[in-house]
Amino acid sequence: MNSLLPWAFLFTLPGLLLTACGVGRAGLASLLGPIAVFFAGALWLAGDHAPLLVHVADWLPMLGDAAFSLRLDSLSAVMLAVIGAVASCVYVYSLAYMHDDPGQRRFFALLDFFVATMCLLVLAGNLVVLILGWAGVGLASFLLISFWRDKEGTLGAGMQALAANAIGDAALLLAVVLLPWGAGDLTTLHSASLAAVPGGVTTVAAMLVVAAAAKSAQGPLYFWLPSAMAGPTPVSALIHAATMVAAGVYLLCRTHLVLAQAPEVLTVVAWLGVVTALVAAIASLQQTNYKKGLAYSTLSQLGYMFAAVGFGAPFAAFFHLFTHASFKALLFLVAGIVIHATDGEEELGKLGGLRQQLAGPAWLSLVGSLALIGLPVLTAGAFSKDLVLEAGLHQAPMLGYLLLGGVVLTGLYTGRLWFAVFGRTDSHLHAHAPGALLLGPVALLAVGAVVLGWLGNPLGEVLTPALGKAPEVHAWSSLGAIAGGLGVAGFLLAGAWVRAKGSGAALPSFAGSWVDGARDVSAGFARLVASVHDGRVVTCIVFSMLGAGVVTLVTILRS
Amino acid sequence: MIASAPSIVSSPEILVLGTSALLFTIGTIGLLMRRSPIALLMSIEILLNAGNLLIVLGARVRNMIDGNSAALLVLVLGAAEAVIGLALALAWFRPRPSADIDSQGEVQG
Amino acid sequence: MSWFLELERSLQATAILGVLATLVLVGAAKWSASATTLLGLVATVLAAVPAVCMPTSATFPLLVLLAATLLCVLLVRGDELADARHRAETVALILFGSAGACVLVTADNLLSLLIGFESMSLSVAVLSGIGRGPRALEAAFRFFVLGAIAASMMIYGIGLHAYATGSFQIGATVVTGEGLSTLHTIGHLLLLLGIAFELAIVPLQFGALGVCQAGPIGGVAFAMTVSKVGAAFALQRLVGGDRLLQDVLVALAVTTIVWGTFGALAQRTLRGLLANSAVAQGGFVALAVACGASAHSTTCFYLAVYVAAAALVLAAISGDRDDMELTAIRTRPFGVMRRLALVVGLMSLAGLPPTPGFLAKFLVLARSWETAGVTWTVVAALGGVFGALYYMRPVPDLLAGGASITNASRPTMGVRLAIALAVVVTTVCAVAPHLAMRLAA
C-alpha cells in the first residue's frame, strides 16, 4: 500500500476520465481525487516517516541521470495534504458555484488535470520530473484562466500567465541542461555537477530563483497574477492563492541546501521578497476590483515567504505557505460567494453593506482577514508571520523592520477590502443567500485559519529532515504582539477611511507595466518577419540567394 | 604548403574554375534581376551548368571514372526540372495578363 | 532476386516504393480511390519489411520515414485537388518522393544524395501544384524555383567537392593542393544550404512556408514530415564531426527557431501558424542534427515525436478547405475526436508536458549545449519555450467549443486511422521514451 503513495499524482485521473465521459453529476466523480491525495499525504505523516522513493532508471536515456524519480518525504507529504485539503474544499464549493455553467464537466476535468500536475510537482524526485509538473501546472492554470471564452479578456490573461510561466520553464530547463548529469536528487542536486556548470552553483541557484519567481509572481514577474483573476473564482482560490503560486516557495525550500551555497543569490531573494511584499501591498490599496485587491495581497504574502527563504529560514517560509493556504483560499472563496450572490459584481465601488444579507460569509471573511493580518494567539497567520519577522530581524535587521512596517500595510489593504464589501450600510445591493455547499468548505477553511498555527511545533519536527532544525513556534511573543497591534491598527484605520470615502476608496494608481513594452517589441519583430514573407516570388529568391551568400561569406571569412 | 604541391593558379585549371564561377555569378544575377519566369528557368539552367562544368573538370583532373556519367546525370536532372518548371509556370501564368513574377502573390510567407 | 537482397536496406525500400508507385500511376485511371490508397499503404508496409527483418543503424530512421509516408497517404483527399481523379497521382508522387527520401537517409554518395533530393523536392512541387486553386499553384511554382536553386547550389557544391577530393563520397579527403581545402569547405557549405532547404531553414524557408499554407493536406504532410526526415539524416552525415559546419548549422538552426517563433506571432490563421511552426521545428531538427552522430537517437526521437504531432494536427484540419481564422475556430464543425487530436498535436508541437514534444525539445537542448555552447542554447531554449505561446492560442477555444457543436462532420476512415496511429506513437513516446530511444540506438 505504502509503495503506491508516491504515485499519488495519478489519483485524480480516474475522476478525470469519469467526469470527461459524462458519468454521474458533473464533478461528483472528480471529488474522490483530491480526497485521496489528502489521505495519501496524511497516511504518510501518520506512518514511520521514512522517505518513499520511486526510481525508474534510464527513463530518458542520453542524459546522465535520467531516471523517472519520485520522492515522498515530509515536505511533499505536507504539501500533498495541503493540496488535497484545499482542493477538496474548492471542489465541493465548485459543485454549487459552477452548477449552472454549461462547461462544468470541462471545468472539473481541468481541475483534475491541475491537481495531478501539482502533485507531480511536489512528488518530483529530480529536476526532470519537476519540470514535467512545473510546466503542467502552468498549462492547467492557462486553460482555467481562459475557461470562460465568452468573457472579455480571458484569453489575453491566460496568455500572460503562460508567458510568465514560460520564463520560469526556460530557467528550469536551462538549469537541467547546464547540469552535466542533468538531474540528480532534487534536494542536493549533484555536487560534482554543480561544480561543472559555468558560473558554478550560483548560476544554478539563480536559475532556480528565476523559475520560482515566475511561478510565485515575484518582482518584475508579478504581472500575470492580477490578470489571472479573470478565471473562475474557485480557480483563483485553489491555483492562484493556495497551491500553484506557492510552488515557487516550495521549490526554494526544497533546494535550500543548494541556495545556501550561493549567499549572494539568497541576498537577492530576500530583497526581492521584501520589495514585492511592500510594493504589492501598496498596489493592493490601488485596486478597484475586489479579486485584484486579493491577488495583490497574495503577491505580498508570497513576498514574505520569499524573504524568509532569503533570510535562510526555509521552515518559516514553508510554515507561512502552510497557514496562508487556508486563509487566503478562505478569502477568495468568500469573494466568490459575494460575486455569486450579487450576480457577478466585482467592483468595490458598487459593492458594500453586505454584512446583514451575507452575515455568515462576512464573519468567516473577518476570521480570514484577521489571520492574514496576524492577530496573535487567535489566528494561524500570526504564528507563521512571527517566524518570518523573527528571522528577518535576526538575519538582516533593516529588511526585518521593513517587513514589520509592511504589516501595517497588510492591515490597511485587508481592512479596506473587508469594510468596502461588508462594512457600509448605505448600499442597496440585493444579494441572495449562499447554500450549504458554498458555506461548508469555507467554514472548514476558517477552522484551519484558526487552529493550524498550533501545528507549528509538530510540523517543525516532521520537517526537520527536509528543512533543517526548525525554530520553536511561540503562540505569544512581544514581536508578535507588536506586529499584531500594528496590523489591527491598520485594519481599523482602513475602516475609518472606507467610512469617510465610500467603498471605492483607493489610492491613485501610477502603474504602467514593462510587459506592454515587451509585447510591443515582440509584435514589432513579428511584423518585421511578416514583412519579409510578403508573398512575392522575387522576395523569396532575393532573400534566399542573398542569405545563402551572406552565410557562405561570413563562414569563409571567419574560418 | 609543400613546395612540390601543384598550384591551381599556375595551371590551366584556373581557366575552367573561373569560367564556372563566372557562369554561377551570371546565373545568380539573372535570378536576382530578371522578372520573367522563362528567364528564371534559363538562369537556373546556367547555374546547373556551372556546377556541371566543375564536375567535368573534377572528372578530368582527378581521373574519376564515374565523373563523366555524373555530368550526364546532372544534365538529365536539369531536363526533368525544366519540364516540371515550365509546366508549373504555364499553369500558373495562363490565367494572368502578364508573366511577371514580381506581382503581388496570394500566399503570404 | 539475389541482386535485390544484396542491396542496402534503404535501397531495397526505395526500389519497392518506386515499383509500386509506378504501378499506382499506371493503374490510376482504372482503379477506385480507395484501391490506390490501399496500394500506397501496402507499398509503404512492404518497404519497411527488409529494414525490420535485418536491423541496421538506419532501420529506425527508415521506420520513421515510412510511418510518415503512411500518414501522408492516409491524409490524401480527392476534394482538395484540382481534379478528384488526381488522387492516384498524389499517392504515386508521395511514394516516389519518399523513395527519394529513403536514399537521403543512408546514401554516402553525393550523386545519390542529389537524386534523392531532386525526387523529393520535385514531388513536393507537383504535389502542391495539383491542389485546388491558384494559391496552390503559386506555392508550387515558388517551391519549384527555390528547390531548383537549392539543387543547383548542391550541384555546384558537388562539383567543388569532386574537384577538391576526386571522389563523390561524402567523407573523401582533400587532395593536397593550394586553396583546395577552401574550395572543399565552400562546396560543403553549399551542400548544407541546399539540403537545409528541405528542412525549411532560414534563409531558405520560403518554399516550405508557401506549400504548408496553400497546398493540399497530403502535400503539406509530405513537406512537413517526410522531406524533413530525409533531409535531417542526410545533413547528419554531411556535417559529421566537421566543427565549422556544425557551428554554421547551429547558428542557422537557432536563427530559424527565433524566426519561426516571431513569424508565427503575426499569424491570424491556423495554416499560417502551422507553416511557421514547420520552420521553427525545422530549426530544432537542425539543432539536433548539428550535434552530430552522437545525438543520433535524440534526432530520431525528435523526428518521431514531431511526425506524430504534425500528423495529428493535419489529420484534424483535413477537409476544412478554407484557411481557418484562429478566432473563428470555435465555430468549426469539428467533432470531439478531431478537437482532441488538434489539442494534443498543438501541445506536442509546443513542447508542453505531458506530451512527448516536451521530452523531445528537452533532449535536443540538453544535447545541444555541448556542441552549440551556452549562448546559442539559451536563445534556442527561450525561442522554444516562447514558441509554446502561439500554439496555445486556439486551445481554450477548441476545448470550449466541443460540446456545443452539433453538425460536426464525420472524419473519413483515413483520417481516423491516421489519428489512431499518431496517438499510439505519441503515447508510447510520452510514457516510455526509453523504449523509443533504445529502438533508435
# chains A, B, ... in the order shown; residues from 1 in each chain; ligands from 1
call {"tool": "interface_residues", "arguments": {"of": "chain C", "to": "chain B", "cutoff": "6 Å", "atoms": "only C-alpha atoms", "output": "ChimeraX atom specification"}}
result
/C:137,141,152,155-156,159,162-163,166,177-178,209
call {"tool": "write_last_selection", "arguments": {"atoms": "C-alpha atoms", "output": "short mmCIF file (atom, residue, chain, number, x, y, z; two decimals), in the first residue's frame"}}
result
data_model
loop_
_atom_site.label_atom_id
_atom_site.label_comp_id
_atom_site.auth_asym_id
_atom_site.auth_seq_id
_atom_site.Cartn_x
_atom_site.Cartn_y
_atom_site.Cartn_z
CA LEU C 137 -0.16 26.66 -57.95
CA PHE C 141 5.88 27.42 -58.50
CA SER C 152 21.92 23.98 -58.28
CA ILE C 155 25.40 20.57 -57.73
CA TYR C 156 27.93 23.36 -57.51
CA GLY C 159 31.45 19.96 -58.27
CA ALA C 162 34.66 16.40 -56.63
CA TYR C 163 37.37 18.79 -57.80
CA GLY C 166 38.48 13.42 -56.67
CA GLY C 177 46.95 21.44 -53.26
CA GLU C 178 46.83 25.14 -52.67
CA LEU C 209 6.27 28.06 -45.88
#
call {"tool": "residues_around", "arguments": {"residues": "Arg132 in chain C", "least_positions_apart": "3", "cutoff": "6 Å", "atoms": "only C-alpha atoms", "output": "list of chain:residue names"}}
result
C:Glu80, C:Leu81, C:Ala82
call {"tool": "write_last_selection", "arguments": {"atoms": "N, CA and C atoms", "output": "PDB file, in the first residue's frame"}}
result
ATOM      1  N   GLU C  80      -9.635  18.001 -52.319  1.00  0.00           N
ATOM      2  CA  GLU C  80      -8.735  19.151 -52.185  1.00  0.00           C
ATOM      3  C   GLU C  80      -7.930  19.368 -53.456  1.00  0.00           C
ATOM      4  N   LEU C  81      -8.056  18.468 -54.392  1.00  0.00           N
ATOM      5  CA  LEU C  81      -7.233  18.543 -55.594  1.00  0.00           C
ATOM      6  C   LEU C  81      -7.991  19.260 -56.703  1.00  0.00           C
ATOM      7  N   ALA C  82      -7.221  19.753 -57.679  1.00  0.00           N
ATOM      8  CA  ALA C  82      -7.838  20.457 -58.790  1.00  0.00           C
ATOM      9  C   ALA C  82      -8.846  19.539 -59.475  1.00  0.00           C
TER      10      ALA C  82
END
call {"tool": "closest_atom_pairs", "arguments": {"of": "chain A", "to": "chain C", "cutoff": "7 Å", "atoms": "only C-alpha atoms", "output": "JSON lines"}}
result
{"residue": "A:Asp58", "atom": "CA", "partner": "C:His434", "partner_atom": "CA", "distance": 6.7}
{"residue": "A:Trp59", "atom": "CA", "partner": "C:His434", "partner_atom": "CA", "distance": 5.1}
{"residue": "A:Leu60", "atom": "CA", "partner": "C:His434", "partner_atom": "CA", "distance": 5.6}
{"residue": "A:Pro61", "atom": "CA", "partner": "C:His434", "partner_atom": "CA", "distance": 6.0}
{"residue": "A:Leu132", "atom": "CA", "partner": "C:Pro353", "partner_atom": "CA", "distance": 5.6}
{"residue": "A:Ala135", "atom": "CA", "partner": "C:Pro353", "partner_atom": "CA", "distance": 6.4}
{"residue": "A:Gly136", "atom": "CA", "partner": "C:Pro353", "partner_atom": "CA", "distance": 5.7}
{"residue": "A:Leu143", "atom": "CA", "partner": "C:Pro396", "partner_atom": "CA", "distance": 6.0}
{"residue": "A:Ser146", "atom": "CA", "partner": "C:Pro396", "partner_atom": "CA", "distance": 6.3}
{"residue": "A:Phe147", "atom": "CA", "partner": "C:Pro396", "partner_atom": "CA", "distance": 6.8}
{"residue": "A:Arg149", "atom": "CA", "partner": "C:Asp397", "partner_atom": "CA", "distance": 6.9}
{"residue": "A:Met159", "atom": "CA", "partner": "C:Leu389", "partner_atom": "CA", "distance": 6.9}
{"residue": "A:Leu162", "atom": "CA", "partner": "C:Leu389", "partner_atom": "CA", "distance": 6.8}
{"residue": "A:Ala163", "atom": "CA", "partner": "C:Leu389", "partner_atom": "CA", "distance": 6.7}
{"residue": "A:Ala166", "atom": "CA", "partner": "C:Val385", "partner_atom": "CA", "distance": 5.7}
{"residue": "A:Ala170", "atom": "CA", "partner": "C:Leu382", "partner_atom": "CA", "distance": 6.0}
{"residue": "A:Val177", "atom": "CA", "partner": "C:Ala366", "partner_atom": "CA", "distance": 4.6}
{"residue": "A:Phe525", "atom": "CA", "partner": "C:Phe262", "partner_atom": "CA", "distance": 6.4}
{"residue": "A:Ala526", "atom": "CA", "partner": "C:Phe262", "partner_atom": "CA", "distance": 4.6}
{"residue": "A:Arg527", "atom": "CA", "partner": "C:Ala266", "partner_atom": "CA", "distance": 6.4}
{"residue": "A:Val529", "atom": "CA", "partner": "C:Gly263", "partner_atom": "CA", "distance": 5.5}
{"residue": "A:Ala530", "atom": "CA", "partner": "C:Gly263", "partner_atom": "CA", "distance": 6.0}
{"residue": "A:Val537", "atom": "CA", "partner": "C:Arg142", "partner_atom": "CA", "distance": 6.3}
{"residue": "A:Cys540", "atom": "CA", "partner": "C:Phe206", "partner_atom": "CA", "distance": 6.1}
{"residue": "A:Ile541", "atom": "CA", "partner": "C:Leu146", "partner_atom": "CA", "distance": 6.8}
{"residue": "A:Phe543", "atom": "CA", "partner": "C:Pro203", "partner_atom": "CA", "distance": 6.7}
{"residue": "A:Ser544", "atom": "CA", "partner": "C:Pro203", "partner_atom": "CA", "distance": 5.1}
{"residue": "A:Gly547", "atom": "CA", "partner": "C:Pro203", "partner_atom": "CA", "distance": 5.3}
{"residue": "A:Ala548", "atom": "CA", "partner": "C:Pro203", "partner_atom": "CA", "distance": 6.7}
{"residue": "A:Thr552", "atom": "CA", "partner": "C:Leu189", "partner_atom": "CA", "distance": 6.7}
call {"tool": "interface_residues", "arguments": {"of": "chain A", "to": "chain B", "cutoff": "6 Å", "atoms": "only C-alpha atoms", "output": "list in words"}}
result
His533, Asp534, Gly535, Arg536, Val537, Val538 and Val542 of chain A
call {"tool": "select_by_dssp", "arguments": {"residues": "range 18-143 of chain C", "states": "helix (DSSP H, G or I)", "output": "VMD selection string"}}
result
chain C and resid 18 to 27 33 to 53 59 to 75 78 to 80 84 to 106 110 to 129 133 to 143
call {"tool": "write_last_selection", "arguments": {"atoms": "C-alpha atoms", "output": "short mmCIF file (atom, residue, chain, number, x, y, z; two decimals), in the first residue's frame"}}
result
data_model
loop_
_atom_site.label_atom_id
_atom_site.label_comp_id
_atom_site.auth_asym_id
_atom_site.auth_seq_id
_atom_site.Cartn_x
_atom_site.Cartn_y
_atom_site.Cartn_z
CA GLY C 18 9.40 3.07 -56.77
CA VAL C 19 7.97 -0.06 -58.40
CA LEU C 20 4.67 0.22 -56.58
CA ALA C 21 4.45 3.95 -57.23
CA THR C 22 4.75 3.20 -60.93
CA LEU C 23 2.05 0.60 -60.55
CA VAL C 24 -0.25 3.13 -58.90
CA LEU C 25 0.46 5.62 -61.65
CA VAL C 26 -0.21 3.12 -64.44
CA GLY C 27 -3.40 1.84 -62.92
CA ALA C 33 -9.78 5.92 -54.96
CA SER C 34 -9.64 3.51 -52.06
CA ALA C 35 -7.75 0.94 -54.14
CA THR C 36 -4.94 3.41 -54.84
CA THR C 37 -4.75 4.40 -51.20
CA LEU C 38 -4.67 0.76 -50.20
CA LEU C 39 -1.89 0.05 -52.66
CA GLY C 40 0.01 3.03 -51.28
CA LEU C 41 -0.30 1.66 -47.77
CA VAL C 42 0.78 -1.81 -48.90
CA ALA C 43 3.80 -0.29 -50.65
CA THR C 44 4.85 1.54 -47.50
CA VAL C 45 4.47 -1.51 -45.30
CA LEU C 46 6.31 -3.71 -47.81
CA ALA C 47 9.14 -1.22 -47.98
CA ALA C 48 9.56 -1.48 -44.23
CA VAL C 49 9.91 -5.26 -44.31
CA PRO C 50 13.57 -5.60 -45.30
CA ALA C 51 14.62 -2.93 -42.82
CA VAL C 52 12.75 -4.59 -39.97
CA CYS C 53 13.90 -8.11 -40.81
CA THR C 59 16.35 0.99 -39.51
CA PHE C 60 14.78 3.49 -37.13
CA PRO C 61 15.15 6.49 -39.44
CA LEU C 62 13.64 4.39 -42.22
CA LEU C 63 10.75 3.38 -39.98
CA VAL C 64 10.06 7.00 -39.03
CA LEU C 65 10.22 7.91 -42.69
CA LEU C 66 7.87 5.15 -43.78
CA ALA C 67 5.47 5.90 -40.93
CA ALA C 68 5.40 9.49 -42.14
CA THR C 69 4.74 8.26 -45.67
CA LEU C 70 1.91 6.10 -44.41
CA LEU C 71 0.34 9.08 -42.67
CA CYS C 72 0.67 11.19 -45.81
CA VAL C 73 -1.04 8.53 -47.91
CA LEU C 74 -3.84 8.29 -45.35
CA LEU C 75 -4.39 12.03 -45.44
CA GLY C 78 -9.74 13.90 -53.55
CA ASP C 79 -11.78 17.02 -52.84
CA GLU C 80 -8.74 19.15 -52.19
CA ALA C 84 -10.51 14.46 -57.82
CA ARG C 85 -9.04 11.97 -60.30
CA HIS C 86 -5.59 13.22 -59.42
CA ARG C 87 -5.80 11.31 -56.21
CA ALA C 88 -3.86 8.38 -57.61
CA GLU C 89 -1.16 10.72 -58.89
CA THR C 90 -0.89 12.20 -55.43
CA VAL C 91 -0.36 8.80 -53.88
CA ALA C 92 2.18 7.90 -56.55
CA LEU C 93 4.05 11.16 -56.02
CA ILE C 94 4.15 10.61 -52.29
CA LEU C 95 5.62 7.16 -52.86
CA PHE C 96 8.15 8.49 -55.40
CA GLY C 97 9.14 11.29 -53.08
CA SER C 98 9.62 9.04 -50.14
CA ALA C 99 11.64 6.65 -52.28
CA GLY C 100 13.93 9.64 -52.74
CA ALA C 101 13.87 10.31 -49.02
CA CYS C 102 14.93 6.71 -48.36
CA VAL C 103 18.03 7.37 -50.42
CA LEU C 104 18.74 10.53 -48.47
CA VAL C 105 18.55 8.63 -45.20
CA THR C 106 21.52 6.40 -45.94
CA LEU C 110 26.77 12.80 -53.18
CA LEU C 111 25.16 11.95 -56.50
CA SER C 112 22.71 9.58 -54.82
CA LEU C 113 22.02 12.36 -52.37
CA LEU C 114 21.31 14.72 -55.24
CA ILE C 115 18.90 12.31 -56.90
CA GLY C 116 17.12 11.68 -53.62
CA PHE C 117 16.86 15.41 -53.02
CA GLU C 118 15.53 16.11 -56.50
CA SER C 119 12.89 13.42 -56.42
CA MET C 120 11.74 14.74 -53.07
CA SER C 121 11.59 18.40 -53.98
CA LEU C 122 10.06 17.87 -57.41
CA SER C 123 7.43 15.64 -55.81
CA VAL C 124 6.53 18.34 -53.32
CA ALA C 125 6.27 20.95 -56.06
CA VAL C 126 3.93 18.80 -58.11
CA LEU C 127 2.00 17.63 -55.05
CA SER C 128 1.23 21.23 -54.29
CA GLY C 129 0.65 22.09 -57.93
CA GLY C 133 -7.00 26.85 -56.79
CA PRO C 134 -4.39 29.40 -57.86
CA ARG C 135 -2.83 29.69 -54.41
CA ALA C 136 -1.70 26.07 -54.51
CA LEU C 137 -0.16 26.66 -57.95
CA GLU C 138 1.61 29.77 -56.81
CA ALA C 139 3.06 27.96 -53.81
CA ALA C 140 4.09 25.11 -56.10
CA PHE C 141 5.88 27.42 -58.50
CA ARG C 142 7.67 29.14 -55.69
CA PHE C 143 8.68 25.84 -54.16
#
call {"tool": "atom_distance", "arguments": {"atom1": "CA of Ala228 in chain A", "atom2": "CA of Gly153 in chain A"}}
result
10.2 Å
call {"tool": "residues_around", "arguments": {"residues": "Arg416 in chain A", "least_positions_apart": "6", "cutoff": "7 Å", "atoms": "only C-alpha atoms", "output": "CSV table (one decimal) with N, CA and C atoms, in the first residue's frame"}}
result
chain,number,residue,atom,x,y,z
A,494,ALA,N,-8.3,51.6,8.1
A,494,ALA,CA,-8.9,51.4,6.8
A,494,ALA,C,-10.4,51.5,6.9
A,495,GLY,N,-10.9,51.0,8.1
A,495,GLY,CA,-12.4,51.1,8.3
A,495,GLY,C,-12.8,52.5,8.3
A,498,VAL,N,-12.7,53.9,4.7
A,498,VAL,CA,-13.8,53.5,3.8
A,498,VAL,C,-15.1,54.2,4.3
call {"tool": "residues_around", "arguments": {"residues": "range 364-370 of chain A", "least_positions_apart": "2", "cutoff": "9 Å", "atoms": "only C-alpha atoms", "output": "ChimeraX atom specification"}}
result
/A:326-331,334-335,359-362,372-375,378-379,381-382,411,414-415,418,442-443,445-446,449-450,487-488,491
call {"tool": "write_last_selection", "arguments": {"atoms": "N, CA, C and O atoms", "output": "compact mmCIF listing (two decimals), in the first residue's frame"}}
result
# COMPACT_ATOMS: atom_id res chain seq x y z
N SER A 326 -4.66 28.19 3.90
CA SER A 326 -6.01 28.09 4.44
C SER A 326 -6.72 29.45 4.38
O SER A 326 -7.82 29.54 3.84
N PHE A 327 -6.08 30.51 4.91
CA PHE A 327 -6.88 31.73 5.00
C PHE A 327 -6.99 32.48 3.68
O PHE A 327 -7.99 33.17 3.46
N LYS A 328 -6.03 32.31 2.77
CA LYS A 328 -6.20 33.01 1.50
C LYS A 328 -7.23 32.30 0.63
O LYS A 328 -8.05 32.95 -0.03
N ALA A 329 -7.25 30.96 0.67
CA ALA A 329 -8.31 30.24 -0.04
C ALA A 329 -9.66 30.65 0.53
O ALA A 329 -10.63 30.87 -0.21
N LEU A 330 -9.71 30.78 1.85
CA LEU A 330 -10.95 31.20 2.51
C LEU A 330 -11.41 32.56 1.98
O LEU A 330 -12.57 32.75 1.60
N LEU A 331 -10.48 33.53 1.94
CA LEU A 331 -10.85 34.87 1.49
C LEU A 331 -11.36 34.85 0.05
O LEU A 331 -12.33 35.53 -0.29
N VAL A 334 -14.84 33.32 -0.14
CA VAL A 334 -15.85 34.28 0.29
C VAL A 334 -16.09 35.31 -0.83
O VAL A 334 -17.24 35.66 -1.11
N ALA A 335 -14.99 35.75 -1.45
CA ALA A 335 -15.16 36.68 -2.57
C ALA A 335 -16.05 36.06 -3.63
O ALA A 335 -16.91 36.72 -4.22
N ALA A 359 -24.42 37.48 6.32
CA ALA A 359 -23.82 37.52 7.66
C ALA A 359 -22.77 36.43 7.82
O ALA A 359 -21.65 36.68 8.31
N GLY A 360 -23.10 35.22 7.40
CA GLY A 360 -22.16 34.10 7.58
C GLY A 360 -20.84 34.37 6.87
O GLY A 360 -19.78 34.39 7.50
N PRO A 361 -20.89 34.62 5.57
CA PRO A 361 -19.65 34.91 4.86
C PRO A 361 -18.90 36.09 5.45
O PRO A 361 -17.67 36.09 5.49
N ALA A 362 -19.63 37.10 5.94
CA ALA A 362 -18.96 38.27 6.49
C ALA A 362 -18.11 37.88 7.70
O ALA A 362 -16.95 38.29 7.82
N LEU A 372 -4.91 36.86 8.10
CA LEU A 372 -3.98 37.47 7.14
C LEU A 372 -3.16 38.56 7.83
O LEU A 372 -1.94 38.68 7.61
N ILE A 373 -3.83 39.34 8.67
CA ILE A 373 -3.10 40.39 9.40
C ILE A 373 -2.17 39.76 10.42
O ILE A 373 -1.06 40.24 10.64
N GLY A 374 -2.63 38.69 11.05
CA GLY A 374 -1.81 38.03 12.06
C GLY A 374 -2.17 38.46 13.47
O GLY A 374 -1.32 38.95 14.22
N LEU A 375 -3.43 38.27 13.85
CA LEU A 375 -3.86 38.56 15.21
C LEU A 375 -3.28 37.48 16.12
O LEU A 375 -3.55 36.30 15.92
N LEU A 378 -4.95 33.97 18.41
CA LEU A 378 -6.23 33.53 17.90
C LEU A 378 -6.17 33.01 16.47
O LEU A 378 -6.99 32.19 16.09
N THR A 379 -5.23 33.49 15.67
CA THR A 379 -5.23 33.09 14.26
C THR A 379 -3.89 32.48 13.84
O THR A 379 -2.85 32.79 14.42
N GLY A 381 -2.22 32.82 11.05
CA GLY A 381 -1.30 33.68 10.35
C GLY A 381 -0.26 34.30 11.27
O GLY A 381 0.89 34.52 10.87
N ALA A 382 -0.65 34.57 12.50
CA ALA A 382 0.27 35.21 13.44
C ALA A 382 1.47 34.32 13.73
O ALA A 382 2.61 34.79 13.79
N GLY A 411 -2.61 45.28 7.19
CA GLY A 411 -3.83 45.64 7.90
C GLY A 411 -4.67 46.59 7.07
O GLY A 411 -5.89 46.43 6.95
N THR A 414 -6.23 44.79 3.91
CA THR A 414 -7.22 43.81 4.33
C THR A 414 -8.47 44.51 4.82
O THR A 414 -9.60 44.16 4.46
N GLY A 415 -8.24 45.52 5.65
CA GLY A 415 -9.37 46.25 6.20
C GLY A 415 -10.17 46.95 5.11
O GLY A 415 -11.40 46.94 5.11
N TRP A 418 -12.33 44.43 3.41
CA TRP A 418 -13.42 43.88 4.22
C TRP A 418 -14.51 44.93 4.44
O TRP A 418 -15.69 44.68 4.24
N VAL A 442 -16.03 26.77 3.17
CA VAL A 442 -15.45 28.00 3.68
C VAL A 442 -15.30 27.89 5.19
O VAL A 442 -14.28 28.28 5.77
N ALA A 443 -16.32 27.34 5.84
CA ALA A 443 -16.25 27.19 7.30
C ALA A 443 -15.09 26.28 7.68
O ALA A 443 -14.36 26.54 8.64
N LEU A 445 -12.34 25.83 6.07
CA LEU A 445 -11.09 26.58 5.92
C LEU A 445 -10.92 27.57 7.07
O LEU A 445 -9.80 27.82 7.54
N ALA A 446 -12.04 28.12 7.55
CA ALA A 446 -11.95 29.08 8.66
C ALA A 446 -11.43 28.38 9.91
O ALA A 446 -10.63 28.95 10.65
N ALA A 449 -7.88 28.25 9.50
CA ALA A 449 -7.23 29.54 9.68
C ALA A 449 -7.05 29.87 11.15
O ALA A 449 -6.22 30.70 11.51
N VAL A 450 -7.82 29.21 12.01
CA VAL A 450 -7.68 29.48 13.44
C VAL A 450 -6.69 28.52 14.10
O VAL A 450 -5.82 28.93 14.85
N GLY A 487 -0.93 45.66 12.77
CA GLY A 487 -1.88 45.18 11.77
C GLY A 487 -3.29 45.60 12.10
O GLY A 487 -4.02 46.12 11.23
N VAL A 488 -3.69 45.38 13.34
CA VAL A 488 -5.07 45.72 13.71
C VAL A 488 -5.29 47.22 13.61
O VAL A 488 -6.35 47.68 13.17
N PHE A 491 -5.98 47.89 10.12
CA PHE A 491 -7.32 47.39 9.77
C PHE A 491 -8.39 48.42 10.16
O PHE A 491 -9.27 48.76 9.37
call {"tool": "atom_distance", "arguments": {"atom1": "CA of Phe332 in chain A", "atom2": "CA of Ala433 in chain A"}}
result
17.1 Å
